[in-house]
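Trainee: First the structure, which I've put down as structure tokens, then a few questions once you've had a look.
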Amino acid sequence: ETGVTQSPTHLIKTRGQQVTLRCSSQSGHNTVSWYQQALGQGPQFIFQYYREEENGRGNFPPRFSGLQFPNYSSELNVNALELDDSALYLCASSRTENQETQYFGPGTRLLVL
Amino acid sequence: EDKVVQSPLSLVVHEGDTVTLNCSYEVTNFRSLLWYKQEKKAPTFLFMLTSSGIEKKSGRLSSILDKKELFSILNITATQTGDSAVYLCAGGLTGGFKTIFGAGTRLFVKA
């Protein structure tokens with residue numbers, strides 16, 4: 001059973017640019033959630049994808065968008081990057097019937113200069 | 001607004017000590033209380049609690065939920081240096097699509 005993987009591991013962008021982060025869910029998991037974790041803070045829920053549709057969203061602006069593919073992998077896109085977008089972005093997958101037990105990937109650390 | 005508050009924010013103990021980490025929550029549509037351990041990047045799942053007063057145990061770790069007082073504790077007995085990590089508490093909502101995390105308690109266990 002493969003775990004949750006994310007790419008890239010690290011990324012440096014400049015303000016105003018766009019970024020795409022990728023996540024492959026754990027085998028057998030069809031639900032993917034994305035979180036933003038600023039330094040010294042807990043993860044903040046961005047959104048969740050289930051059956052290739054957004055299934056819920058946190059307090060993040062529309063420039064944060066996502067996709068889920070038929071193989072349950074997912075992308076997080078952030079447009080018009082701001083300095084405050086610098087954070088660890090975590091992806092978590094779960095099974096439909098047990099969505100609260102999420103398995104996290106190692107994250108992508110994004111630095112916006 | 002939904003919130004989860006953890007205390008203390010940080011803690012330094014010696015190997016062999018017992019620690020208690022606290023978590024209070026105010027979450028509408030509350031369904032479950034979750035504990036995670038975060039060592040470097042990926043939080044790893046420890047416990048999910050849905051019923052009051054029923055202790056869950058895993059080795060030296062245990063946790064209990066009080067749904068009346070909106071409170072949970074995580075106990076770690078006979079701490080080891082490998083227990084050094086950030087411990088995250090989170091509220092799971094009904095529908096399962098959203099989880100509200102606290103800021104975490106940073107535990108450092110000295111040899």
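We label chains A, B, ... in the order they appear in the structure tokens, count residues from 1 in each chain, and number ligands from 1 in the order shown.
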Please provide as number ranges by chain all residues within 12 Å of region 53-69 of chain A, with the sequence filter that same-chain residues fewer than 5 positions apart are discarded (counting only C-alpha atoms).

Mentor: A: 16-25, 30-36, 43-48, 74-82, 85, 89, 91, 93, 96, 99; B: 1-2, 93-100

Trainee: What's the 7 Å shell around Val109 (chain B), counting only C-alpha atoms, without same-chain residues fewer than 6 positions away, as a ChimeraX atom specification?

Mentor: /B:12-15,79-81,83-84

Trainee: Output all heavy atoms of each residue in that selection to a file, as a PDB file, in the first residue's frame.

Mentor:
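selection07.pdb, written as the output of this step:
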```pdb
ATOM      1  N   VAL B  12       8.791  21.373  27.856  1.00  0.00           N
ATOM      2  CA  VAL B  12      10.078  20.673  27.907  1.00  0.00           C
ATOM      3  C   VAL B  12      10.068  19.768  29.127  1.00  0.00           C
ATOM      4  O   VAL B  12       9.803  20.231  30.241  1.00  0.00           O
ATOM      5  CB  VAL B  12      11.262  21.659  27.994  1.00  0.00           C
ATOM      6  CG1 VAL B  12      12.582  20.891  28.042  1.00  0.00           C
ATOM      7  CG2 VAL B  12      11.250  22.617  26.810  1.00  0.00           C
ATOM      8  N   VAL B  13      10.319  18.486  28.922  1.00  0.00           N
ATOM      9  CA  VAL B  13      10.315  17.516  30.015  1.00  0.00           C
ATOM     10  C   VAL B  13      11.559  16.644  29.912  1.00  0.00           C
ATOM     11  O   VAL B  13      12.284  16.688  28.905  1.00  0.00           O
ATOM     12  CB  VAL B  13       9.045  16.642  30.000  1.00  0.00           C
ATOM     13  CG1 VAL B  13       7.797  17.506  30.128  1.00  0.00           C
ATOM     14  CG2 VAL B  13       8.994  15.776  28.751  1.00  0.00           C
ATOM     15  N   HIS B  14      11.794  15.848  30.936  1.00  0.00           N
ATOM     16  CA  HIS B  14      12.888  14.885  30.918  1.00  0.00           C
ATOM     17  C   HIS B  14      12.357  13.503  30.597  1.00  0.00           C
ATOM     18  O   HIS B  14      11.193  13.183  30.890  1.00  0.00           O
ATOM     19  CB  HIS B  14      13.621  14.867  32.260  1.00  0.00           C
ATOM     20  CG  HIS B  14      14.435  16.099  32.487  1.00  0.00           C
ATOM     21  ND1 HIS B  14      13.946  17.193  33.163  1.00  0.00           N
ATOM     22  CD2 HIS B  14      15.700  16.425  32.117  1.00  0.00           C
ATOM     23  CE1 HIS B  14      14.874  18.134  33.218  1.00  0.00           C
ATOM     24  NE2 HIS B  14      15.953  17.692  32.589  1.00  0.00           N
ATOM     25  N   GLU B  15      13.201  12.701  30.005  1.00  0.00           N
ATOM     26  CA  GLU B  15      12.822  11.315  29.712  1.00  0.00           C
ATOM     27  C   GLU B  15      12.254  10.649  30.965  1.00  0.00           C
ATOM     28  O   GLU B  15      12.801  10.805  32.068  1.00  0.00           O
ATOM     29  CB  GLU B  15      14.043  10.523  29.233  1.00  0.00           C
ATOM     30  CG  GLU B  15      14.208  10.494  27.744  1.00  0.00           C
ATOM     31  CD  GLU B  15      15.228   9.451  27.290  1.00  0.00           C
ATOM     32  OE1 GLU B  15      16.281   9.334  27.954  1.00  0.00           O
ATOM     33  OE2 GLU B  15      14.966   8.776  26.281  1.00  0.00           O
ATOM     34  N   THR B  79       7.902   9.239  29.013  1.00  0.00           N
ATOM     35  CA  THR B  79       8.285   9.884  27.748  1.00  0.00           C
ATOM     36  C   THR B  79       9.693   9.485  27.321  1.00  0.00           C
ATOM     37  O   THR B  79      10.578   9.226  28.143  1.00  0.00           O
ATOM     38  CB  THR B  79       8.204  11.403  27.855  1.00  0.00           C
ATOM     39  OG1 THR B  79       8.932  11.836  29.016  1.00  0.00           O
ATOM     40  CG2 THR B  79       6.776  11.881  27.927  1.00  0.00           C
ATOM     41  N   GLN B  80       9.872   9.461  26.008  1.00  0.00           N
ATOM     42  CA  GLN B  80      11.162   9.150  25.395  1.00  0.00           C
ATOM     43  C   GLN B  80      11.532  10.292  24.457  1.00  0.00           C
ATOM     44  O   GLN B  80      10.662  11.059  24.020  1.00  0.00           O
ATOM     45  CB  GLN B  80      11.064   7.837  24.613  1.00  0.00           C
ATOM     46  CG  GLN B  80      10.639   6.658  25.463  1.00  0.00           C
ATOM     47  CD  GLN B  80      10.326   5.422  24.634  1.00  0.00           C
ATOM     48  OE1 GLN B  80      10.392   5.442  23.397  1.00  0.00           O
ATOM     49  NE2 GLN B  80      10.008   4.328  25.319  1.00  0.00           N
ATOM     50  N   THR B  81      12.803  10.379  24.092  1.00  0.00           N
ATOM     51  CA  THR B  81      13.236  11.467  23.202  1.00  0.00           C
ATOM     52  C   THR B  81      12.499  11.405  21.864  1.00  0.00           C
ATOM     53  O   THR B  81      12.237  12.428  21.236  1.00  0.00           O
ATOM     54  CB  THR B  81      14.748  11.438  22.967  1.00  0.00           C
ATOM     55  OG1 THR B  81      15.120  10.148  22.479  1.00  0.00           O
ATOM     56  CG2 THR B  81      15.509  11.718  24.267  1.00  0.00           C
ATOM     57  N   ASP B  83       9.506  10.971  21.442  1.00  0.00           N
ATOM     58  CA  ASP B  83       8.181  11.593  21.565  1.00  0.00           C
ATOM     59  C   ASP B  83       8.245  13.079  21.245  1.00  0.00           C
ATOM     60  O   ASP B  83       7.205  13.734  21.140  1.00  0.00           O
ATOM     61  CB  ASP B  83       7.635  11.408  22.978  1.00  0.00           C
ATOM     62  CG  ASP B  83       7.372   9.955  23.326  1.00  0.00           C
ATOM     63  OD1 ASP B  83       7.009   9.184  22.420  1.00  0.00           O
ATOM     64  OD2 ASP B  83       7.541   9.590  24.521  1.00  0.00           O
ATOM     65  N   SER B  84       9.446  13.629  21.100  1.00  0.00           N
ATOM     66  CA  SER B  84       9.593  15.042  20.765  1.00  0.00           C
ATOM     67  C   SER B  84       8.938  15.318  19.416  1.00  0.00           C
ATOM     68  O   SER B  84       9.280  14.705  18.404  1.00  0.00           O
ATOM     69  CB  SER B  84      11.074  15.429  20.716  1.00  0.00           C
ATOM     70  OG  SER B  84      11.674  15.300  21.983  1.00  0.00           O
TER      71      SER B  84
END
```

Trainee: Give one line per residue of chain B that approaches chain A to at most 10 Å, naming the two atoms of the closest pair and their distance in Å to one decimal, counting only C-alpha atoms; sort by chain then ascending residue number and deliver it as a tab-separated table.

Mentor:
```
residue	atom	partner	partner_atom	distance
B:Val4	CA	A:Gly42	CA	9.8
B:Leu9	CA	A:Gly40	CA	9.7
B:Arg31	CA	A:Glu100	CA	9.2
B:Ser32	CA	A:Glu100	CA	7.9
B:Leu33	CA	A:Glu100	CA	9.2
B:Leu34	CA	A:Glu100	CA	8.1
B:Tyr36	CA	A:Gln102	CA	9.9
B:Lys40	CA	A:Pro106	CA	8.3
B:Lys41	CA	A:Pro106	CA	5.2
B:Ala42	CA	A:Pro106	CA	4.5
B:Pro43	CA	A:Phe104	CA	6.1
B:Thr44	CA	A:Phe104	CA	6.9
B:Phe45	CA	A:Tyr103	CA	7.0
B:Leu46	CA	A:Thr101	CA	9.5
B:Phe47	CA	A:Thr101	CA	8.8
B:Met48	CA	A:Thr101	CA	7.5
B:Val86	CA	A:Gly42	CA	9.5
B:Tyr87	CA	A:Gly42	CA	9.6
B:Leu88	CA	A:Gly42	CA	7.0
B:Cys89	CA	A:Gly42	CA	8.8
B:Ala90	CA	A:Gly42	CA	9.0
B:Gly91	CA	A:Glu100	CA	9.3
B:Gly92	CA	A:Glu100	CA	6.3
B:Leu93	CA	A:Glu100	CA	8.4
B:Thr94	CA	A:Glu100	CA	9.3
B:Gly95	CA	A:Gln99	CA	8.4
B:Gly96	CA	A:Gln99	CA	5.3
B:Phe97	CA	A:Gly56	CA	6.0
B:Lys98	CA	A:Phe45	CA	6.8
B:Thr99	CA	A:Phe45	CA	6.7
B:Ile100	CA	A:Phe45	CA	7.0
B:Phe101	CA	A:Gly42	CA	5.6
B:Gly102	CA	A:Gly42	CA	5.4
B:Ala103	CA	A:Gly42	CA	4.1
B:Gly104	CA	A:Gly42	CA	6.0
B:Thr105	CA	A:Gly42	CA	9.7
B:Arg106	CA	A:Gly40	CA	9.2
```

Trainee: Restricted to N, CA, C and O atoms, what would the selected residues look like written as a tab-separated table (two decimals), in the first residue's frame?

Mentor:
```
chain	number	residue	atom	x	y	z
B	4	VAL	N	-10.26	25.59	17.86
B	4	VAL	CA	-9.66	24.57	18.69
B	4	VAL	C	-8.44	25.21	19.35
B	4	VAL	O	-7.59	25.78	18.66
B	9	LEU	N	1.44	25.72	24.80
B	9	LEU	CA	1.95	25.84	23.44
B	9	LEU	C	3.26	25.08	23.29
B	9	LEU	O	3.55	24.55	22.21
B	31	ARG	N	-18.27	16.28	15.29
B	31	ARG	CA	-18.47	14.84	15.17
B	31	ARG	C	-17.41	14.07	15.91
B	31	ARG	O	-17.69	13.06	16.54
B	32	SER	N	-16.13	14.54	15.83
B	32	SER	CA	-15.05	13.76	16.42
B	32	SER	C	-13.90	14.67	16.81
B	32	SER	O	-13.76	15.78	16.30
B	33	LEU	N	-13.07	14.17	17.70
B	33	LEU	CA	-11.87	14.87	18.14
B	33	LEU	C	-10.68	14.01	17.72
B	33	LEU	O	-10.67	12.80	18.00
B	34	LEU	N	-9.73	14.62	17.05
B	34	LEU	CA	-8.61	13.87	16.50
B	34	LEU	C	-7.29	14.39	17.07
B	34	LEU	O	-7.14	15.58	17.32
B	36	TYR	N	-3.07	14.21	16.29
B	36	TYR	CA	-2.02	13.87	15.35
B	36	TYR	C	-0.67	14.22	15.97
B	36	TYR	O	-0.56	15.13	16.79
B	40	LYS	N	8.21	16.13	11.50
B	40	LYS	CA	8.91	17.03	10.58
B	40	LYS	C	7.91	17.70	9.65
B	40	LYS	O	7.75	18.91	9.64
B	41	LYS	N	7.23	16.92	8.87
B	41	LYS	CA	6.26	17.51	7.95
B	41	LYS	C	4.88	16.87	8.07
B	41	LYS	O	3.93	17.53	8.47
B	42	ALA	N	4.76	15.58	7.72
B	42	ALA	CA	3.44	14.97	7.64
B	42	ALA	C	2.90	14.63	9.02
B	42	ALA	O	3.50	13.85	9.75
B	43	PRO	N	1.76	15.21	9.42
B	43	PRO	CA	1.11	14.76	10.65
B	43	PRO	C	0.71	13.28	10.53
B	43	PRO	O	0.21	12.87	9.49
B	44	THR	N	0.95	12.53	11.59
B	44	THR	CA	0.54	11.13	11.60
B	44	THR	C	-0.59	10.95	12.61
B	44	THR	O	-0.54	11.49	13.71
B	45	PHE	N	-1.57	10.17	12.22
B	45	PHE	CA	-2.79	9.98	13.01
B	45	PHE	C	-2.51	9.22	14.30
B	45	PHE	O	-1.80	8.21	14.29
B	46	LEU	N	-3.05	9.71	15.40
B	46	LEU	CA	-2.91	9.00	16.68
B	46	LEU	C	-4.26	8.43	17.13
B	46	LEU	O	-4.38	7.23	17.34
B	47	PHE	N	-5.23	9.30	17.34
B	47	PHE	CA	-6.52	8.86	17.88
B	47	PHE	C	-7.67	9.63	17.23
B	47	PHE	O	-7.52	10.78	16.86
B	48	MET	N	-8.82	8.96	17.17
B	48	MET	CA	-10.08	9.62	16.89
B	48	MET	C	-11.04	9.28	18.02
B	48	MET	O	-11.22	8.10	18.34
B	86	VAL	N	5.46	18.01	17.51
B	86	VAL	CA	4.29	18.87	17.71
B	86	VAL	C	3.06	17.97	17.72
B	86	VAL	O	2.88	17.14	16.82
B	87	TYR	N	2.23	18.11	18.74
B	87	TYR	CA	1.01	17.32	18.84
B	87	TYR	C	-0.17	18.22	18.49
B	87	TYR	O	-0.39	19.25	19.12
B	88	LEU	N	-0.90	17.80	17.47
B	88	LEU	CA	-2.01	18.58	16.95
B	88	LEU	C	-3.33	17.96	17.37
B	88	LEU	O	-3.51	16.75	17.27
B	89	CYS	N	-4.24	18.81	17.80
B	89	CYS	CA	-5.60	18.40	18.12
B	89	CYS	C	-6.51	19.00	17.04
B	89	CYS	O	-6.26	20.13	16.57
B	90	ALA	N	-7.54	18.29	16.67
B	90	ALA	CA	-8.42	18.79	15.61
B	90	ALA	C	-9.85	18.36	15.86
B	90	ALA	O	-10.10	17.28	16.41
B	91	GLY	N	-10.79	19.19	15.45
B	91	GLY	CA	-12.20	18.86	15.50
B	91	GLY	C	-12.69	18.45	14.13
B	91	GLY	O	-12.48	19.18	13.16
B	92	GLY	N	-13.31	17.27	14.06
B	92	GLY	CA	-13.89	16.83	12.80
B	92	GLY	C	-15.36	17.14	12.78
B	92	GLY	O	-16.08	16.95	13.78
B	93	LEU	N	-15.83	17.66	11.65
B	93	LEU	CA	-17.22	18.07	11.54
B	93	LEU	C	-18.06	16.96	10.92
B	93	LEU	O	-17.54	16.11	10.20
B	94	THR	N	-19.36	17.01	11.17
B	94	THR	CA	-20.25	16.07	10.51
B	94	THR	C	-20.17	16.28	9.00
B	94	THR	O	-19.93	17.39	8.54
B	95	GLY	N	-20.34	15.21	8.28
B	95	GLY	CA	-20.15	15.31	6.84
B	95	GLY	C	-18.73	14.96	6.46
B	95	GLY	O	-18.46	14.57	5.34
B	96	GLY	N	-17.83	15.10	7.43
B	96	GLY	CA	-16.45	14.64	7.26
B	96	GLY	C	-15.59	15.43	6.32
B	96	GLY	O	-14.46	15.05	6.06
B	97	PHE	N	-16.10	16.57	5.82
B	97	PHE	CA	-15.30	17.23	4.80
B	97	PHE	C	-14.35	18.27	5.37
B	97	PHE	O	-13.48	18.76	4.67
B	98	LYS	N	-14.50	18.63	6.64
B	98	LYS	CA	-13.67	19.70	7.15
B	98	LYS	C	-13.12	19.32	8.52
B	98	LYS	O	-13.82	18.73	9.33
B	99	THR	N	-11.87	19.66	8.76
B	99	THR	CA	-11.23	19.42	10.05
B	99	THR	C	-10.60	20.72	10.52
B	99	THR	O	-9.88	21.36	9.77
B	100	ILE	N	-10.89	21.10	11.77
B	100	ILE	CA	-10.37	22.34	12.34
B	100	ILE	C	-9.24	21.99	13.29
B	100	ILE	O	-9.45	21.30	14.29
B	101	PHE	N	-8.04	22.47	12.98
B	101	PHE	CA	-6.87	22.16	13.79
B	101	PHE	C	-6.55	23.27	14.78
B	101	PHE	O	-6.76	24.45	14.51
B	102	GLY	N	-6.01	22.86	15.92
B	102	GLY	CA	-5.41	23.81	16.84
B	102	GLY	C	-3.98	24.12	16.39
B	102	GLY	O	-3.48	23.55	15.42
B	103	ALA	N	-3.34	25.04	17.13
B	103	ALA	CA	-1.99	25.46	16.76
B	103	ALA	C	-0.94	24.44	17.14
B	103	ALA	O	0.20	24.52	16.68
B	104	GLY	N	-1.31	23.49	18.00
B	104	GLY	CA	-0.36	22.46	18.37
B	104	GLY	C	0.36	22.72	19.68
B	104	GLY	O	0.47	23.87	20.13
B	105	THR	N	0.83	21.67	20.30
B	105	THR	CA	1.72	21.76	21.46
B	105	THR	C	3.06	21.18	21.05
B	105	THR	O	3.12	20.03	20.61
B	106	ARG	N	4.11	21.98	21.19
B	106	ARG	CA	5.45	21.51	20.84
B	106	ARG	C	6.07	20.89	22.08
B	106	ARG	O	6.33	21.57	23.07
```

Trainee: Using only C-alpha atoms, determine which residues lie at most 7 Å from Leu61 (chain B), disregarding the query and same-chain residues fewer than 4 positions distant; provide the list as a PyMOL selection string.

Mentor: chain B and resi 57+75-77
